[in-house]
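Participant: For reference, this is protein_13.csv, and it has CSV, C-alpha atoms.
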```
chain,number,residue,atom,x,y,z
A,260,MET,CA,6.3,38.6,41.9
A,261,ARG,CA,6.4,36.3,39.0
A,262,THR,CA,4.6,36.5,35.6
A,263,THR,CA,1.7,34.6,37.1
A,264,HIS,CA,1.0,37.3,39.6
A,265,PHE,CA,1.1,40.0,36.9
A,266,HIS,CA,-1.1,38.0,34.6
A,267,LEU,CA,-3.7,37.3,37.3
A,268,LEU,CA,-3.7,41.0,38.1
A,269,HIS,CA,-4.2,41.7,34.3
A,270,MET,CA,-7.2,39.4,34.3
A,271,LEU,CA,-8.6,41.0,37.6
A,272,THR,CA,-8.2,44.5,36.2
A,273,GLY,CA,-10.1,43.4,33.0
A,274,VAL,CA,-13.1,42.4,35.2
A,275,LEU,CA,-12.8,45.6,37.2
A,276,ILE,CA,-12.8,47.7,34.1
A,277,ALA,CA,-16.0,46.0,32.9
A,278,VAL,CA,-17.6,46.9,36.3
A,279,LEU,CA,-16.3,50.4,36.7
A,280,LEU,CA,-16.6,51.5,33.1
A,281,GLY,CA,-20.0,49.9,33.0
A,282,THR,CA,-21.0,52.1,36.0
A,283,HIS,CA,-19.6,55.2,34.3
A,284,MET,CA,-21.4,54.4,31.1
A,285,VAL,CA,-24.7,53.8,32.8
A,286,ILE,CA,-24.6,57.0,34.8
A,287,LEU,CA,-23.5,59.1,31.8
A,288,HIS,CA,-25.6,57.7,29.0
A,289,PHE,CA,-28.6,55.8,30.5
A,290,ASP,CA,-30.1,58.7,32.5
A,291,THR,CA,-33.5,58.2,31.0
A,292,ILE,CA,-33.5,54.5,32.1
A,293,LEU,CA,-32.2,55.5,35.6
A,294,GLY,CA,-35.0,58.1,35.8
A,295,PHE,CA,-37.5,55.4,35.0
A,296,PHE,CA,-36.2,53.5,38.1
A,297,GLY,CA,-36.5,56.7,40.2
A,298,ALA,CA,-32.9,57.9,40.2
A,299,ASN,CA,-32.6,61.7,39.8
A,300,VAL,CA,-29.9,62.3,37.2
A,301,THR,CA,-30.1,65.6,35.4
A,302,GLU,CA,-27.8,66.3,32.4
A,303,PRO,CA,-25.0,63.9,33.5
A,304,THR,CA,-22.8,65.0,30.6
A,305,SER,CA,-22.8,68.7,31.4
A,306,TRP,CA,-19.6,70.4,32.7
A,307,GLN,CA,-21.2,71.2,36.1
A,308,SER,CA,-22.4,67.6,36.6
A,309,MET,CA,-18.9,66.3,35.9
A,310,ILE,CA,-17.4,68.8,38.4
A,311,ASP,CA,-20.0,67.9,41.0
A,312,ARG,CA,-19.3,64.2,40.6
A,313,ALA,CA,-15.6,64.6,40.8
A,314,SER,CA,-16.0,66.7,44.0
A,315,GLN,CA,-17.7,63.8,45.7
A,316,GLY,CA,-15.3,61.3,47.4
A,317,ILE,CA,-17.0,58.1,46.1
A,318,TRP,CA,-17.1,59.3,42.5
A,319,ALA,CA,-13.5,60.6,42.6
A,320,GLY,CA,-12.4,57.3,44.2
A,321,LEU,CA,-14.2,55.4,41.4
A,322,TYR,CA,-12.5,57.4,38.7
A,323,ILE,CA,-9.1,57.1,40.3
A,324,VAL,CA,-9.5,53.4,40.6
A,325,LEU,CA,-10.8,53.1,37.0
A,326,LEU,CA,-7.8,55.1,35.8
A,327,ALA,CA,-5.3,52.9,37.7
A,328,VAL,CA,-6.8,49.6,36.5
A,329,ALA,CA,-7.3,50.8,32.9
A,330,LEU,CA,-3.6,52.0,32.8
A,331,TYR,CA,-2.3,48.7,34.3
A,332,HIS,CA,-4.5,46.6,31.9
A,333,ALA,CA,-3.6,48.6,28.8
A,334,LEU,CA,0.1,49.0,29.4
A,335,TYR,CA,0.7,45.5,30.6
A,336,GLY,CA,-1.2,44.1,27.6
A,337,LEU,CA,0.7,46.4,25.2
A,338,ARG,CA,4.0,45.4,26.9
A,339,ALA,CA,3.1,41.7,26.5
A,340,ILE,CA,2.5,42.2,22.7
A,341,ILE,CA,5.8,44.1,22.2
A,342,VAL,CA,7.9,41.7,24.4
A,343,GLU,CA,6.5,38.7,22.3
A,344,VAL,CA,8.1,40.1,19.2
A,345,THR,CA,11.3,41.2,20.9
A,346,SER,CA,14.2,38.8,21.1
A,347,SER,CA,16.5,41.0,23.2
A,348,LEU,CA,16.4,41.0,27.0
A,349,LYS,CA,17.9,44.4,27.1
A,350,THR,CA,15.2,45.9,24.9
A,351,GLU,CA,12.6,44.1,27.1
A,352,ARG,CA,13.9,45.9,30.2
A,353,ILE,CA,13.9,49.2,28.5
A,354,ILE,CA,10.3,48.7,27.3
A,355,THR,CA,9.2,47.6,30.8
A,356,TRP,CA,10.7,50.7,32.5
A,357,ALA,CA,9.4,53.0,29.8
A,358,PHE,CA,5.8,51.6,30.4
A,359,ILE,CA,6.2,51.9,34.2
A,360,ILE,CA,7.3,55.6,33.9
A,361,ILE,CA,4.5,56.4,31.3
A,362,GLY,CA,2.0,54.7,33.6
A,363,ILE,CA,3.1,56.7,36.6
A,364,ILE,CA,3.1,60.1,34.7
A,365,VAL,CA,-0.4,59.5,33.2
A,366,PHE,CA,-1.8,58.4,36.6
A,367,ILE,CA,-0.5,61.5,38.3
A,368,TRP,CA,-1.8,63.7,35.5
A,369,GLY,CA,-5.2,61.9,35.5
A,370,THR,CA,-5.7,62.1,39.2
A,371,TYR,CA,-4.7,65.8,39.5
A,372,VAL,CA,-8.3,67.1,38.8
A,373,PRO,CA,-10.3,64.9,41.2
A,374,VAL,CA,-7.6,65.3,43.9
A,375,ALA,CA,-7.6,69.1,43.4
A,376,LEU,CA,-11.4,69.3,43.5
A,377,LEU,CA,-11.5,67.1,46.6
A,378,SER,CA,-9.0,69.2,48.5
A,379,SER,CA,-10.6,72.5,47.5
B,215,MET,CA,5.1,-0.1,-7.1
B,216,THR,CA,2.5,-1.5,-9.5
B,217,GLY,CA,-1.1,-2.3,-9.0
B,218,GLU,CA,-4.6,-1.1,-9.9
B,219,SER,CA,-4.5,1.8,-7.4
B,220,ALA,CA,-1.0,3.1,-8.4
B,221,LYS,CA,-1.0,6.6,-9.7
B,222,GLN,CA,1.6,9.3,-10.6
B,223,VAL,CA,2.2,11.8,-7.9
B,224,VAL,CA,4.4,14.9,-8.1
B,225,PHE,CA,6.5,15.6,-5.0
B,226,LYS,CA,7.3,19.3,-4.9
B,227,ILE,CA,10.2,19.2,-2.4
B,228,GLN,CA,11.9,22.2,-0.7
B,229,ARG,CA,15.6,22.2,-1.4
B,230,TYR,CA,18.1,24.3,0.6
B,231,ASN,CA,21.8,23.8,1.1
B,232,PRO,CA,23.4,26.7,3.1
B,233,GLU,CA,26.8,25.1,2.8
B,234,GLN,CA,26.7,25.6,-1.0
B,235,GLY,CA,25.1,29.0,-0.7
B,236,SER,CA,21.9,27.9,-2.4
B,237,VAL,CA,18.7,29.8,-2.0
B,238,LEU,CA,15.5,28.1,-0.8
B,239,HIS,CA,13.7,26.6,-3.9
B,240,PHE,CA,11.5,23.7,-4.9
B,241,GLN,CA,12.3,20.7,-7.0
B,242,GLU,CA,9.7,18.4,-8.5
B,243,PHE,CA,10.0,14.6,-8.7
B,244,THR,CA,7.3,12.4,-10.2
B,245,ILE,CA,6.8,9.0,-8.6
B,246,THR,CA,4.3,6.2,-8.9
B,247,ALA,CA,2.5,5.9,-5.6
B,248,SER,CA,0.8,2.7,-4.7
B,249,ARG,CA,-1.9,2.2,-2.1
B,250,GLY,CA,-0.6,2.3,1.4
B,251,MET,CA,2.6,4.2,0.4
B,252,THR,CA,3.6,6.8,2.9
B,253,VAL,CA,5.2,10.2,2.3
B,254,LEU,CA,8.4,8.8,3.8
B,255,ASP,CA,8.3,5.9,1.4
B,256,GLY,CA,8.0,8.5,-1.4
B,257,LEU,CA,11.0,10.4,-0.1
B,258,ILE,CA,13.1,7.2,0.3
B,259,TYR,CA,12.2,6.3,-3.3
B,260,ILE,CA,13.3,9.7,-4.5
B,261,LYS,CA,16.6,9.5,-2.6
B,262,GLU,CA,17.3,5.9,-3.8
B,263,ASN,CA,16.3,6.3,-7.4
B,264,LEU,CA,16.0,10.0,-8.5
B,265,ASP,CA,18.3,12.3,-6.4
B,266,SER,CA,20.6,10.9,-3.7
B,267,THR,CA,21.5,14.5,-2.5
B,268,LEU,CA,18.0,14.9,-1.0
B,269,ALA,CA,18.3,15.3,2.8
B,270,PHE,CA,15.5,14.3,5.2
B,271,ARG,CA,15.5,12.7,8.6
B,272,SER,CA,13.9,9.4,9.5
B,273,SER,CA,14.5,6.4,11.7
B,274,CYS,CA,11.8,4.1,13.0
B,275,ARG,CA,9.2,4.4,10.1
B,276,MET,CA,6.4,3.7,12.6
B,277,GLY,CA,5.6,7.0,14.3
B,278,ILE,CA,7.6,6.3,17.4
B,279,CYS,CA,10.9,8.2,17.0
B,280,GLY,CA,9.5,11.5,15.8
B,281,ALA,CA,12.4,12.1,13.4
B,282,CYS,CA,10.5,12.6,10.1
B,283,GLY,CA,8.3,15.6,10.9
B,284,VAL,CA,7.7,17.6,7.7
B,285,MET,CA,5.1,20.0,6.2
B,286,VAL,CA,3.0,18.2,3.6
B,287,ASN,CA,0.7,20.5,1.7
B,288,ASN,CA,1.2,23.2,4.3
B,289,TYR,CA,0.3,21.1,7.3
B,290,PRO,CA,2.8,19.4,9.7
B,291,HIS,CA,2.8,15.6,9.6
B,292,LEU,CA,5.1,12.7,10.5
B,293,ALA,CA,6.1,11.5,7.0
B,294,CYS,CA,6.1,7.9,8.1
B,295,HIS,CA,2.6,8.2,9.6
B,296,THR,CA,1.0,9.8,6.6
B,297,GLN,CA,-0.2,8.0,3.5
B,298,ILE,CA,0.1,9.7,0.1
B,299,GLU,CA,-3.5,8.6,-0.6
B,300,GLU,CA,-4.8,10.7,2.3
B,301,PHE,CA,-4.3,13.9,0.4
B,302,ASN,CA,-6.2,12.8,-2.7
B,303,ALA,CA,-4.0,15.1,-4.7
B,304,ASP,CA,-1.7,14.8,-7.7
B,305,THR,CA,0.9,17.1,-6.2
B,306,LEU,CA,2.4,17.0,-2.7
B,307,THR,CA,4.4,20.0,-1.5
B,308,VAL,CA,6.9,18.8,1.1
B,309,LYS,CA,8.6,21.5,3.2
B,310,SER,CA,10.7,21.5,6.3
B,311,LEU,CA,9.0,22.3,9.7
B,312,PRO,CA,8.6,26.1,10.3
B,313,ASN,CA,9.7,27.9,13.5
B,314,LEU,CA,12.9,25.8,13.5
B,315,PRO,CA,16.2,26.6,11.7
B,316,ILE,CA,16.9,24.6,8.5
B,317,ILE,CA,20.0,22.5,8.3
B,318,LYS,CA,19.5,21.1,4.8
B,319,ASP,CA,16.5,20.5,2.6
B,320,LEU,CA,13.9,18.9,4.9
B,321,VAL,CA,16.1,18.6,7.9
B,322,VAL,CA,15.6,21.1,10.7
B,323,ASP,CA,17.7,21.7,13.8
B,324,LEU,CA,15.8,20.4,16.8
B,325,THR,CA,18.5,21.7,19.2
B,326,PRO,CA,16.3,24.7,20.4
B,327,MET,CA,13.5,22.3,21.3
B,328,PHE,CA,15.8,19.9,23.1
B,329,ASP,CA,17.4,22.8,25.0
B,330,ASN,CA,14.0,24.0,26.2
B,331,HIS,CA,13.0,20.4,27.0
B,332,ASN,CA,16.2,20.0,29.1
B,333,ALA,CA,15.7,23.4,30.8
B,334,ILE,CA,12.4,22.4,32.4
B,335,LYS,CA,14.1,19.4,34.1
B,336,PRO,CA,12.2,16.5,32.5
B,337,TYR,CA,12.8,14.0,35.3
B,338,ILE,CA,11.4,13.1,38.7
B,339,ILE,CA,12.7,15.5,41.4
B,340,ARG,CA,12.3,14.5,45.0
B,341,ARG,CA,13.4,15.8,48.4
B,342,ASP,CA,14.3,12.3,49.7
B,343,THR,CA,17.7,12.3,48.0
B,344,GLN,CA,18.8,9.2,49.8
B,345,GLU,CA,15.9,7.2,48.3
B,346,MET,CA,16.7,8.6,44.9
B,347,LYS,CA,20.4,7.9,45.2
B,348,ASP,CA,19.9,4.4,46.7
B,349,PRO,CA,16.4,3.2,46.0
B,350,THR,CA,15.0,0.6,48.3
B,351,ALA,CA,11.6,0.1,46.5
B,352,GLU,CA,9.1,1.6,44.0
B,353,PHE,CA,7.1,4.8,44.6
B,354,ALA,CA,3.4,4.2,44.9
B,355,GLN,CA,1.1,5.3,42.0
B,356,THR,CA,-2.5,4.4,41.4
B,357,PRO,CA,-3.9,4.0,37.9
B,358,GLN,CA,-5.9,7.2,38.4
B,359,GLU,CA,-2.7,9.1,39.3
B,360,LEU,CA,-1.0,7.7,36.2
B,361,ASN,CA,-4.0,8.8,34.1
B,362,ASP,CA,-3.4,12.4,35.1
B,363,PHE,CA,-0.4,12.7,32.9
B,364,LEU,CA,-0.2,9.5,30.9
B,365,GLN,CA,-1.1,11.0,27.5
B,366,PHE,CA,1.6,13.6,27.9
B,367,ALA,CA,4.2,10.9,28.5
B,368,TYR,CA,3.6,9.7,24.9
B,369,CYS,CA,5.4,12.8,23.4
B,370,VAL,CA,7.9,11.7,20.7
B,371,LYS,CA,9.6,15.1,20.6
B,372,CYS,CA,9.0,15.5,16.8
B,373,GLY,CA,8.7,19.3,17.1
B,374,ILE,CA,5.4,19.4,15.1
B,375,CYS,CA,3.6,21.2,18.0
B,376,ILE,CA,6.3,23.9,17.8
B,377,SER,CA,6.0,24.3,14.1
B,378,ALA,CA,2.2,24.7,14.4
B,379,CYS,CA,2.4,27.2,17.3
B,380,PRO,CA,1.7,30.8,16.4
B,381,THR,CA,3.5,32.1,19.5
B,382,SER,CA,6.6,30.1,18.6
B,383,ALA,CA,6.5,31.8,15.2
B,384,SER,CA,6.4,35.3,16.7
B,385,ASP,CA,8.4,34.8,19.9
B,386,ARG,CA,11.8,33.2,19.3
B,387,LEU,CA,12.4,33.0,23.1
B,388,PHE,CA,9.1,31.2,23.8
B,389,LEU,CA,9.6,27.9,25.6
B,390,GLY,CA,7.2,26.2,23.2
B,391,PRO,CA,4.3,23.8,23.7
B,392,GLN,CA,6.5,20.8,23.9
B,393,ALA,CA,8.6,21.9,26.9
B,394,ILE,CA,5.6,23.4,28.8
B,395,ALA,CA,3.5,20.3,28.3
B,396,GLN,CA,6.4,18.2,29.5
B,397,SER,CA,6.7,20.4,32.5
B,398,TYR,CA,3.1,19.7,33.3
B,399,ARG,CA,3.7,16.0,32.7
B,400,TYR,CA,6.3,15.9,35.5
B,401,CYS,CA,4.5,18.3,37.8
B,402,ALA,CA,1.3,16.2,37.6
B,403,ASP,CA,3.3,13.1,38.4
B,404,ASN,CA,2.5,12.2,42.0
B,405,ARG,CA,6.1,10.8,42.5
B,406,ASP,CA,7.5,14.3,41.7
B,407,GLU,CA,8.1,17.2,44.1
B,408,GLY,CA,9.8,19.6,41.6
B,409,GLN,CA,6.9,21.9,40.7
B,410,GLN,CA,8.5,24.8,42.6
B,411,GLU,CA,11.8,24.4,40.7
B,412,ARG,CA,10.0,24.1,37.3
B,413,SER,CA,7.6,26.9,37.9
B,414,SER,CA,10.5,29.4,38.2
B,415,LEU,CA,11.6,28.3,34.7
B,416,VAL,CA,8.1,28.2,33.1
B,417,ASP,CA,6.7,31.3,34.9
B,418,CYS,CA,8.7,33.9,32.9
B,419,ASP,CA,8.1,36.5,30.2
B,420,HIS,CA,8.6,34.0,27.4
B,421,GLY,CA,7.0,31.1,29.3
B,422,ILE,CA,3.6,29.7,29.9
B,423,TRP,CA,1.6,33.0,29.9
B,424,ARG,CA,2.6,33.7,26.3
B,425,CYS,CA,0.4,30.8,25.2
B,426,HIS,CA,-2.7,32.4,23.4
B,427,LEU,CA,-4.5,29.1,23.5
B,428,ALA,CA,-4.7,28.8,19.7
B,429,GLY,CA,-4.8,25.1,20.1
B,430,SER,CA,-2.8,24.4,17.0
B,431,CYS,CA,-0.3,22.2,18.9
B,432,SER,CA,-3.1,19.8,19.9
B,433,GLU,CA,-4.6,19.9,16.4
B,434,ALA,CA,-1.3,19.0,14.8
B,435,CYS,CA,0.2,16.5,17.2
B,436,PRO,CA,0.6,13.3,15.3
B,437,LYS,CA,0.4,11.2,18.5
B,438,GLY,CA,-3.0,12.6,19.5
B,439,LEU,CA,-1.7,14.4,22.6
B,440,ASP,CA,-3.3,17.6,23.8
B,441,PRO,CA,-0.4,20.0,24.7
B,442,ALA,CA,-2.8,22.9,24.9
B,443,LEU,CA,-4.7,21.1,27.7
B,444,ALA,CA,-1.4,20.5,29.5
B,445,ILE,CA,-0.6,24.2,29.3
B,446,GLN,CA,-4.0,25.2,30.6
B,447,LEU,CA,-3.7,22.7,33.5
B,448,LEU,CA,-0.2,24.0,34.3
B,449,LYS,CA,-1.6,27.6,34.3
B,450,ARG,CA,-4.2,26.5,36.8
B,451,ARG,CA,-1.6,25.0,39.0
B,452,LEU,CA,0.6,28.1,38.9
B,453,ALA,CA,-2.4,30.4,39.6
B,454,SER,CA,-3.5,28.2,42.5
B,455,GLN,CA,0.1,28.3,43.8
B,456,ALA,CA,0.3,32.1,43.5
B,457,LEU,CA,-3.0,32.6,45.3
B,458,GLY,CA,-2.3,29.9,47.9
B,459,ILE,CA,-5.5,28.0,47.1
B,460,GLY,CA,-6.3,24.5,45.9
B,461,ARG,CA,-5.3,21.0,46.9
B,462,LYS,CA,-1.6,20.4,47.4
B,463,GLN,CA,-0.2,17.2,45.8
B,464,GLN,CA,1.2,14.8,48.4
B,465,PRO,CA,4.3,13.1,47.2
B,466,SER,CA,3.9,9.3,46.8
B,467,THR,CA,5.4,7.1,49.4
B,468,VAL,CA,7.7,4.2,48.9
B,469,VAL,CA,5.9,0.9,48.5
B,470,PRO,CA,7.6,-1.9,50.6
B,471,PRO,CA,8.5,-4.9,48.5
B,472,PRO,CA,6.0,-7.8,48.7
B,473,THR,CA,6.9,-10.3,51.4
B,474,GLU,CA,5.4,-13.2,49.6
B,475,ILE,CA,6.0,-13.8,45.9
B,476,LYS,CA,3.3,-15.7,44.0
B,477,GLU,CA,4.5,-18.5,41.9
B,478,LYS,CA,4.1,-18.2,38.2
B,479,VAL,CA,1.1,-20.0,36.7
B,480,PRO,CA,2.5,-23.1,35.0
B,481,TYR,CA,2.2,-23.5,31.3
B,482,PRO,CA,-0.8,-25.5,30.2
B,483,GLU,CA,0.1,-29.1,29.4
B,484,PHE,CA,-0.7,-28.9,25.7
B,485,THR,CA,1.8,-26.1,25.1
B,486,VAL,CA,4.7,-28.1,26.6
B,487,LYS,CA,6.4,-30.6,24.3
B,488,LYS,CA,6.6,-33.9,26.0
B,489,LYS,CA,9.8,-35.9,25.7
B,490,LYS,CA,9.3,-39.0,23.6
B,491,GLU,CA,9.5,-42.0,25.8
B,492,LYS,CA,12.0,-44.5,24.6
```
Can you turn what I pasted into structure tokens?

Facilitator:
Amino acid sequence: MRTTHFHLLHMLTGVLIAVLLGTHMVILHFDTILGFFGANVTEPTSWQSMIDRASQGIWAGLYIVLLAVALYHALYGLRAIIVEVTSSLKTERIITWAFIIIGIIVFIWGTYVPVALLSS
Amino acid sequence: MTGESAKQVVFKIQRYNPEQGSVLHFQEFTITASRGMTVLDGLIYIKENLDSTLAFRSSCRMGICGACGVMVNNYPHLACHTQIEEFNADTLTVKSLPNLPIIKDLVVDLTPMFDNHNAIKPYIIRRDTQEMKDPTAEFAQTPQELNDFLQFAYCVKCGICISACPTSASDRLFLGPQAIAQSYRYCADNRDEGQQERSSLVDCDHGIWRCHLAGSCSEACPKGLDPALAIQLLKRRLASQALGIGRKQQPSTVVPPPTEIKEKVPYPEFTVKKKKEK
């Protein structure tokens, strides 16, 4: 894969974040408007509601995908900024591997709860 | 240098001589600038009459060679292509182009630009090596195909786009707008088949995707080129190539030489001197 592939993926994840985060924001904060359209959303920000949503496959999947795309988008973007001001190829490699490791750790940490709830 | 429109102008010129261990400073020279006088004329006047140690680069004096790129009042210009009158100011601050190492005074080292230019293989690459080695005829190219890249072929390699580019300022390894635009110039040429080879050079961490599309290169180009457009068009080509979509450019064929050669139109009678009859 060349930089073009990574950059296209960066742009695609940006669009996906807008869609997935938009869905998340609508469900959590626009419950009154959703109720107007007939959707039955009761106290979406309560602890129990969150646990209930995370226990459902579709919502757990949505949150896992959102975490993955947000992590890729954020870390690739941050790496691009740092690499731009770095003139050493060795430092670049270290930064790249550091971000890959950070990304994997945060992804595993973030998916632990929905995976645990789904498997229970 | 006399006349009704002549006026006194102060040239505040950057001086720097690393060989003598001097620090970068400014020196002022007052000259009488007449109408139509260029910044380069002013610099030549200073060198010939006021301070012969002043260093600047120039050659053609008509905006073709791209040697005299300097910053005038904090904006990059070709000194020979810029009249003093344009600024409507009593003081002109003349500095060397930024983002390039200074050799002396206003002379910058253009080696990094030419290295990057050479790296992107700025020549026609074709698979029919026999035809390239021993050409039998010309390659076909319609006026429309020529128009696809013609403006980018007018690049004079002055380095002004690089000095204006914010990415070149922050990223020392960035290929630069000049090299990337020239890469597009050759990839868009229908006689060329080297996009694959060039894309591996341009499509890297310090390559085409580091361009933020500030557009300063196009704004500053003294030849009126649009390197930012070339970069965007090359990005589109690379994205299409990566996704496997879009129209593939067919390499041009060899045009057989004409079988019949038209005779030249004879000169009109009145232009030919007749021999006097004895």

Participant: For chain A, work out the contacting residues on chain B at 8 Å, counting all atoms listed in the file, and write them as a list of chain:residue names.

Facilitator: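 Therefore, the residues near the partner are B:Thr381, B:Ser384, B:Asp385, B:Arg386, B:Leu387, B:Asp417, B:Cys418, B:Asp419, B:His420, B:Trp423, B:Arg424, B:Leu452, B:Ala453, B:Ala456.
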
Participant: How would you write as an MDAnalysis selection string the residues that get within 7 Å of (7.1, 7.7, 6.5) in the file's frame, counting all atoms listed in the file?

Facilitator: chainID B and resid 252:255 275 282 292:296

Participant: Would you compute the distance between atom CA of A:Phe366 and atom CA of B:His426? Give it in Å to one decimal.

Facilitator: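 Value for the atom CA of A:Phe366-atom CA of B:His426 distance: 29.2 Å.
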
Participant: In terms of the shortest atom-to-atom distance over only C-alpha atoms, which of B:Gln446, B:Asn361, B:Thr467, B:Thr485 is closest to B:Arg405?

Facilitator: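 Of all the options, B:Thr467 lies closest to B:Arg405.
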
Participant: Measure the distance from atom CA of A:Gly316 to atom CA of A:Met270 in Å and round it to one decimal.

Facilitator: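 So the two atoms, atom CA of A:Gly316 and atom CA of A:Met270, lie 26.8 Å apart.
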
Participant: I'd like the interatomic distance between atom CA of A:Gln307 and atom CA of A:Leu377, to a tenth of an Å.

Facilitator: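 Computed distance, atom CA of A:Gln307 to atom CA of A:Leu377, equals 14.9 Å.
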
Participant: For A:Val365, which of A:Leu337, A:Ile286, A:Val300, A:Leu326 is the closest residue, counting all atoms listed in the file?

Facilitator: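 Closest to A:Val365 of all the choices is A:Leu326.
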
Participant: Tell me which protein, DNA and RNA residues are within 12 Å of B:Gln464, counting all atoms listed in the file, leaving out same-chain ones fewer than 6 positions away, and put them as a PDB file with C-alpha atoms, in the frame of the given file.

Facilitator:
```pdb
ATOM      1  CA  ARG B 340      12.300  14.500  45.000  1.00  0.00           C
ATOM      2  CA  ALA B 354       3.400   4.200  44.900  1.00  0.00           C
ATOM      3  CA  GLN B 355       1.100   5.300  42.000  1.00  0.00           C
ATOM      4  CA  GLU B 359      -2.700   9.100  39.300  1.00  0.00           C
ATOM      5  CA  CYS B 401       4.500  18.300  37.800  1.00  0.00           C
ATOM      6  CA  ALA B 402       1.300  16.200  37.600  1.00  0.00           C
ATOM      7  CA  ASP B 403       3.300  13.100  38.400  1.00  0.00           C
ATOM      8  CA  ASN B 404       2.500  12.200  42.000  1.00  0.00           C
ATOM      9  CA  ARG B 405       6.100  10.800  42.500  1.00  0.00           C
ATOM     10  CA  ASP B 406       7.500  14.300  41.700  1.00  0.00           C
ATOM     11  CA  GLU B 407       8.100  17.200  44.100  1.00  0.00           C
ATOM     12  CA  GLY B 408       9.800  19.600  41.600  1.00  0.00           C
ATOM     13  CA  GLN B 409       6.900  21.900  40.700  1.00  0.00           C
TER      14      GLN B 409
END
```
